[in-house]
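Working notes, beginning with the structure itself.
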Amino acid sequence: MKIDLNGKVALVTGGAMGIGRKIAELLAENGAKVVVADINEAAARETSASIPGSKALRMDVASADEVAAAVDSIVRDWGRIDILVNNAGINTGKNRVTIDQFSVEEWDRIMSVDLRGLFLVSRSVAAVMLRQSSGRIINISSVLGVVPARLQCAYTTAKAGVAHLTRTMAIELGDRGILTNAIAPGSVVTAGTKALFYAKDAFQAEKAKRMLAHIPLGRAGEVEEIANAVLFFAAPESSYINGQVLCVDGGWAAGGFLRDF
Ligand SMILES: NC(=O)c1ccc[n+]([C@@H]2O[C@H](COP(=O)([O-])OP(=O)(O)OC[C@H]3O[C@@H](n4cnc5c(N)ncnc54)[C@H](O)[C@@H]3O)[C@@H](O)[C@H]2O)c1
């Protein structure tokens with residue numbers, strides 16, 4: 001997909017790796033000046049080094065001070081922010097339990113990044129966009145914020161919150177030139193999930209098969225497939241779309257699908 005983002009400044013949180021990195025690359029390929037912001041500053045620098053015209057910034061989205069400082073520095077250096085992609089997100093690792101055993105610390109850890117962090121960055125950047133009377137905010141939710149899954153209650157709840165915050169921002173900011181939409185990815189192949197989906201041993205392969213059984217397309221998505229949807233929401237052509245949550249999930253959220261049933 002090719003769109004014209006020349007002259008636009010884009011901020012991608014969690015842009016050092018995975019889906020965020022591909023989003024940063026695609027926005028730059030389409031003409032935007034991209035800020036790769038990440039809690040992992042070294043990785044952000046490495047990613048930025050491979051994206052012409054971009055710059056890296058350390059930003060922990062869970063820290064109000066770091067968010068404010070990073071947004072100030074972008075405006076100081078580049079004068080504006082036209083596109084914000086709220087991509088930074090975390091989930092519970094291997095220790096997955098039902099709500100009765102879910103620790104308060106783990107709940108707070110995930111909420112602080114996935115929901116509070118997205119609020120903090122949106123809040124600071126919206127102020128900049130309001131002064132410009134223009135902007136696009138694109139939030140990365142998850143299909144699990146649309147249809148929940150077991151054993152990750154903080155993540156599913158945070159991502160549902162992202163979908164609703166998206167709609168709230170859309171009705172608060174739309175008439176002032178700022179469009180807010182969200183992408184809800186399904187399972188996506190990244191460095192972090194590759195071993196899961198392309199497992200070599202029989203046990204893991206069977207697990208992967210079960211994980212993919214509910215996806216009508218029968219496969220995980222690629223990072224490009226998520227980044228292309230972000231690009232669409234960033235494009236001048238999508239100027240009448242506001243408050244939408246687009247599932248990019250191979251049909252997962254469309255209904256109760258189980259292969260072989
Ligand atoms: N991979 C999937 O299957 C999938 C599915 C649905 C939704 N998502 C969502 O897509 C987004 C990206 O996921 P991914 O799989 O590419 O993740 P990833 O773990 O590969 O990359 C996440 C990036 O965010 C950064 N990050 C983590 N905490 C941060 C913080 N506090 N402040 C700033 N940066 C931080 C990490 O350093 C990393 O660079 C997340 O919001 C995730 O919830 C992913």
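By convention in this document, the chains of the structure tokens carry letters A, B, ... by their order, each chain's residues are numbered from 1, and ligands are numbered from 1 in the order they are shown.
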
Ligand 1: which residues are within 6 Å, counting only C-alpha atoms and all ligand atoms? Reply as an MDAnalysis selection string.
chainID A and resid 13:20 38:40 59:62 87:90 113 140:142 185:188 190 192

Output file for the selection above: C-alpha atoms, as a CSV table (one decimal), in the first residue's frame:
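What follows is the written file result.csv:
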```csv
chain,number,residue,atom,x,y,z
A,13,THR,CA,5.3,3.8,21.1
A,14,GLY,CA,6.9,0.4,21.6
A,15,GLY,CA,8.4,1.0,18.1
A,16,ALA,CA,11.6,-0.9,18.7
A,17,MET,CA,10.4,-4.4,18.1
A,18,GLY,CA,7.6,-6.6,16.7
A,19,ILE,CA,4.5,-5.0,15.3
A,20,GLY,CA,5.6,-1.5,16.4
A,38,ASP,CA,10.4,2.6,23.5
A,39,ILE,CA,11.3,1.7,27.1
A,40,ASN,CA,14.2,-0.3,25.6
A,59,MET,CA,9.9,6.6,26.7
A,60,ASP,CA,8.3,4.4,29.3
A,61,VAL,CA,4.6,4.9,28.6
A,62,ALA,CA,3.8,4.1,32.2
A,87,ASN,CA,1.4,0.4,20.2
A,88,ALA,CA,3.4,-0.3,23.4
A,89,GLY,CA,1.8,-3.2,25.3
A,90,ILE,CA,2.6,-6.2,27.5
A,113,VAL,CA,1.3,0.0,30.4
A,140,ILE,CA,-3.4,-1.0,19.2
A,141,SER,CA,-6.0,-3.0,21.1
A,142,SER,CA,-6.4,-6.8,20.7
A,185,PRO,CA,-4.9,-7.7,16.0
A,186,GLY,CA,-5.5,-11.4,16.4
A,187,SER,CA,-2.5,-13.7,16.8
A,188,VAL,CA,0.5,-12.2,15.1
A,190,THR,CA,6.7,-11.7,16.0
A,192,GLY,CA,8.3,-13.3,20.6
```

DSSP alpha helix (DSSP H) selection over stretch 43-258 of chain A, as an NGL selection string
:A and (43-49 or 64-78 or 104-114 or 116-132 or 153-173 or 191-197 or 202-212 or 223-234)

Name all residues at most 7 Å from stretch 76-86 of chain A (count only C-alpha atoms; drop same-chain ones fewer than 2 positions away) and give them as a tab-separated table (two decimals) with C-alpha atoms, in the first residue's frame.
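Contents of around11.tsv, as written:
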```tsv
chain	number	residue	atom	x	y	z
A	8	LYS	CA	3.95	14.33	8.66
A	9	VAL	CA	5.55	13.55	12.02
A	10	ALA	CA	4.62	10.17	13.50
A	11	LEU	CA	5.22	8.85	17.01
A	12	VAL	CA	5.16	5.08	17.49
A	13	THR	CA	5.30	3.80	21.08
A	72	ASP	CA	8.06	18.05	24.62
A	73	SER	CA	11.30	17.04	22.96
A	74	ILE	CA	9.53	15.93	19.75
A	88	ALA	CA	3.37	-0.35	23.41
A	118	LEU	CA	-2.01	4.64	26.46
A	128	VAL	CA	-0.29	19.08	20.75
A	129	MET	CA	-2.76	17.96	18.07
A	134	SER	CA	-5.35	18.09	13.19
A	135	GLY	CA	-4.06	14.64	13.94
A	136	ARG	CA	-4.61	10.90	13.82
A	137	ILE	CA	-4.49	8.67	16.87
A	138	ILE	CA	-4.31	4.94	16.22
A	139	ASN	CA	-4.52	2.62	19.20
A	140	ILE	CA	-3.41	-0.99	19.18
A	234	ALA	CA	-3.09	7.29	9.04
```

For A:Ile226, list every protein, DNA or RNA residue within 8 Å, evaluated using only C-alpha atoms, and leave out those in the same chain fewer than 4 positions away; present the list as a CSV table (one decimal) with C-alpha atoms, in the first residue's frame.
```
chain,number,residue,atom,x,y,z
A,19,ILE,CA,4.5,-5.0,15.3
A,23,ILE,CA,4.5,0.2,11.7
A,183,ILE,CA,-6.7,-1.9,15.4
A,185,PRO,CA,-4.9,-7.7,16.0
A,221,GLY,CA,-1.1,-12.8,11.0
A,222,GLU,CA,2.1,-11.2,9.8
A,230,VAL,CA,-2.4,1.3,10.7
A,248,VAL,CA,-7.3,-7.6,11.9
```

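The closest residue to A:Leu246, picked from A:Val143, A:Ala191, A:Ala70, A:Ala154 and counting only C-alpha atoms, is A:Val143.
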